[in-house]
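Report on the following structure.
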Amino acid sequence: MSCSARPVATIALRYADRQILIGELRPERDPRLLDLCARHLAAMTPPVGWLVDDARLADLASGHH
């Protein structure tokens with residue numbers, strides 16, 4: 001199943017750390033990562049006990065993007 005909306009962010013799942021890392025959309029698609037559109041990113045819910053780390057927020061706070 002595939003979404004036809006334009007992706008806005010790339011996420012990585014770190015199973016060992018129980019962590020979802022959200023970053024800026026990568027220019028090249030990587031089969032180990034997931035590119036999500038705004039709707040799917042907003043609807044994403046992590047598994048119980050997992051943390052979400054949105055690096056895009058850190059970039060905004062520091063003035064980098």
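Identifiers in the structure tokens: chain A, B, ... in order shown; residue index from 1 per chain; ligand index from 1 in order shown.
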
Inset, instruction - Find the residues near Leu36 in chain A: any atom within 12 Å, counting only C-alpha atoms, skip ones fewer than 3 places away on the same chain, and give them as JSON, numbers by chain. - result: {"A": [2, 3, 4, 5, 6, 7, 8, 9, 10, 11, 12, 22, 23, 24, 25, 26, 29, 33, 39, 40, 41, 42, 43, 44]}

Next, dump the selected residues to file, keeping only N, CA and C atoms, as a compact mmCIF listing (two decimals), in the first residue's frame.
```txt
# COMPACT_ATOMS: atom_id res chain seq x y z
N SER A 2 0.49 2.22 -0.74
CA SER A 2 1.31 3.41 -0.90
C SER A 2 0.43 4.67 -0.83
N CYS A 3 1.00 5.73 -0.32
CA CYS A 3 0.31 7.02 -0.23
C CYS A 3 0.78 7.89 -1.40
N SER A 4 -0.16 8.57 -2.02
CA SER A 4 0.20 9.40 -3.18
C SER A 4 0.59 10.83 -2.79
N ALA A 5 0.43 11.19 -1.49
CA ALA A 5 0.78 12.53 -1.04
C ALA A 5 2.30 12.70 -0.98
N ARG A 6 2.74 13.92 -1.12
CA ARG A 6 4.18 14.23 -1.08
C ARG A 6 4.73 14.01 0.33
N PRO A 7 5.82 13.26 0.47
CA PRO A 7 6.41 13.06 1.80
C PRO A 7 7.02 14.36 2.34
N VAL A 8 6.99 14.51 3.66
CA VAL A 8 7.51 15.72 4.30
C VAL A 8 8.62 15.42 5.31
N ALA A 9 8.75 14.16 5.70
CA ALA A 9 9.76 13.80 6.70
C ALA A 9 10.18 12.35 6.49
N THR A 10 11.37 12.03 6.98
CA THR A 10 11.89 10.67 6.94
C THR A 10 12.00 10.18 8.37
N ILE A 11 11.54 8.96 8.62
CA ILE A 11 11.64 8.40 9.96
C ILE A 11 12.48 7.13 9.94
N ALA A 12 13.13 6.91 11.07
CA ALA A 12 13.91 5.70 11.28
C ALA A 12 13.39 5.03 12.54
N ILE A 22 12.53 11.14 13.86
CA ILE A 22 11.93 11.89 12.76
C ILE A 22 12.93 12.94 12.32
N GLY A 23 13.22 12.98 11.05
CA GLY A 23 14.15 13.96 10.52
C GLY A 23 13.61 14.62 9.26
N GLU A 24 14.37 15.57 8.77
CA GLU A 24 14.01 16.21 7.51
C GLU A 24 13.94 15.16 6.41
N LEU A 25 13.15 15.40 5.41
CA LEU A 25 13.02 14.49 4.29
C LEU A 25 14.38 14.36 3.60
N ARG A 26 14.83 13.16 3.43
CA ARG A 26 16.11 12.93 2.76
C ARG A 26 15.93 13.08 1.25
N ARG A 29 15.78 8.40 -1.55
CA ARG A 29 15.02 7.41 -0.81
C ARG A 29 15.95 6.31 -0.31
N LEU A 33 14.56 3.27 5.62
CA LEU A 33 13.85 4.35 6.28
C LEU A 33 12.47 4.52 5.68
N ARG A 39 0.00 13.97 6.69
CA ARG A 39 -1.16 13.30 7.32
C ARG A 39 -0.73 12.04 8.04
N HIS A 40 0.08 11.21 7.42
CA HIS A 40 0.52 9.98 8.07
C HIS A 40 1.48 10.25 9.22
N LEU A 41 2.29 11.28 9.10
CA LEU A 41 3.19 11.64 10.19
C LEU A 41 2.39 12.09 11.41
N ALA A 42 1.37 12.91 11.20
CA ALA A 42 0.53 13.39 12.31
C ALA A 42 -0.27 12.25 12.94
N ALA A 43 -0.64 11.26 12.15
CA ALA A 43 -1.45 10.15 12.66
C ALA A 43 -0.60 9.04 13.29
N MET A 44 0.70 9.11 13.14
CA MET A 44 1.58 8.06 13.64
C MET A 44 1.52 7.99 15.16
```

Legend entry - Test item, strand (DSSP E) assignment across chain A, answer as a ChimeraX atom specification: /A:7-14,19-24,34-37,51-54

Output file for the residues above (N, CA and C atoms, as a tab-separated table (two decimals), in the first residue's frame):
```tsv
chain	number	residue	atom	x	y	z
A	7	PRO	N	5.82	13.26	0.47
A	7	PRO	CA	6.41	13.06	1.80
A	7	PRO	C	7.02	14.36	2.34
A	8	VAL	N	6.99	14.51	3.66
A	8	VAL	CA	7.51	15.72	4.30
A	8	VAL	C	8.62	15.42	5.31
A	9	ALA	N	8.75	14.16	5.70
A	9	ALA	CA	9.76	13.80	6.70
A	9	ALA	C	10.18	12.35	6.49
A	10	THR	N	11.37	12.03	6.98
A	10	THR	CA	11.89	10.67	6.94
A	10	THR	C	12.00	10.18	8.37
A	11	ILE	N	11.54	8.96	8.62
A	11	ILE	CA	11.64	8.40	9.96
A	11	ILE	C	12.48	7.13	9.94
A	12	ALA	N	13.13	6.91	11.07
A	12	ALA	CA	13.91	5.70	11.28
A	12	ALA	C	13.39	5.03	12.54
A	13	LEU	N	13.30	3.71	12.49
A	13	LEU	CA	12.87	2.94	13.65
A	13	LEU	C	14.10	2.29	14.26
A	14	ARG	N	14.37	2.62	15.52
A	14	ARG	CA	15.51	2.04	16.23
A	14	ARG	C	14.96	1.05	17.24
A	19	GLN	N	12.86	3.50	19.83
A	19	GLN	CA	12.82	4.92	19.50
A	19	GLN	C	12.47	5.12	18.02
A	20	ILE	N	11.65	6.13	17.77
A	20	ILE	CA	11.34	6.56	16.41
A	20	ILE	C	12.00	7.91	16.21
A	21	LEU	N	12.89	7.99	15.24
A	21	LEU	CA	13.59	9.24	14.94
A	21	LEU	C	12.96	9.90	13.72
A	22	ILE	N	12.53	11.14	13.86
A	22	ILE	CA	11.93	11.89	12.76
A	22	ILE	C	12.93	12.94	12.32
A	23	GLY	N	13.22	12.98	11.05
A	23	GLY	CA	14.15	13.96	10.52
A	23	GLY	C	13.61	14.62	9.26
A	24	GLU	N	14.37	15.57	8.77
A	24	GLU	CA	14.01	16.21	7.51
A	24	GLU	C	13.94	15.16	6.41
A	34	LEU	N	11.62	5.27	6.37
A	34	LEU	CA	10.26	5.53	5.89
A	34	LEU	C	10.08	7.01	5.63
A	35	ASP	N	9.56	7.33	4.45
A	35	ASP	CA	9.21	8.71	4.11
A	35	ASP	C	7.70	8.84	4.30
A	36	LEU	N	7.28	9.81	5.11
A	36	LEU	CA	5.86	9.97	5.41
A	36	LEU	C	5.34	11.33	4.98
A	37	CYS	N	4.08	11.36	4.56
A	37	CYS	CA	3.40	12.63	4.25
A	37	CYS	C	2.95	13.26	5.58
A	51	LEU	N	9.75	5.88	22.41
A	51	LEU	CA	9.89	7.33	22.43
A	51	LEU	C	9.98	7.85	21.00
A	52	VAL	N	9.49	9.07	20.80
A	52	VAL	CA	9.60	9.73	19.50
A	52	VAL	C	10.55	10.92	19.66
A	53	ASP	N	11.56	10.96	18.83
A	53	ASP	CA	12.54	12.05	18.83
A	53	ASP	C	12.44	12.78	17.50
A	54	ASP	N	11.88	13.99	17.53
A	54	ASP	CA	11.72	14.77	16.30
A	54	ASP	C	12.87	15.75	16.17
```

Inset, instruction - Using DSSP on the backbone coordinates, identify all residues within chain A classified as helix (DSSP H, G or I); present the result as a PyMOL selection string. - result: chain A and resi 38-43+55-62

Inset, instruction - Tell me, in Å to one decimal, how far CA of Arg18 in chain A is from CA of Val48 in chain A. - result: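 Pair CA of Arg18 in chain A / CA of Val48 in chain A returns 9.3 Å.
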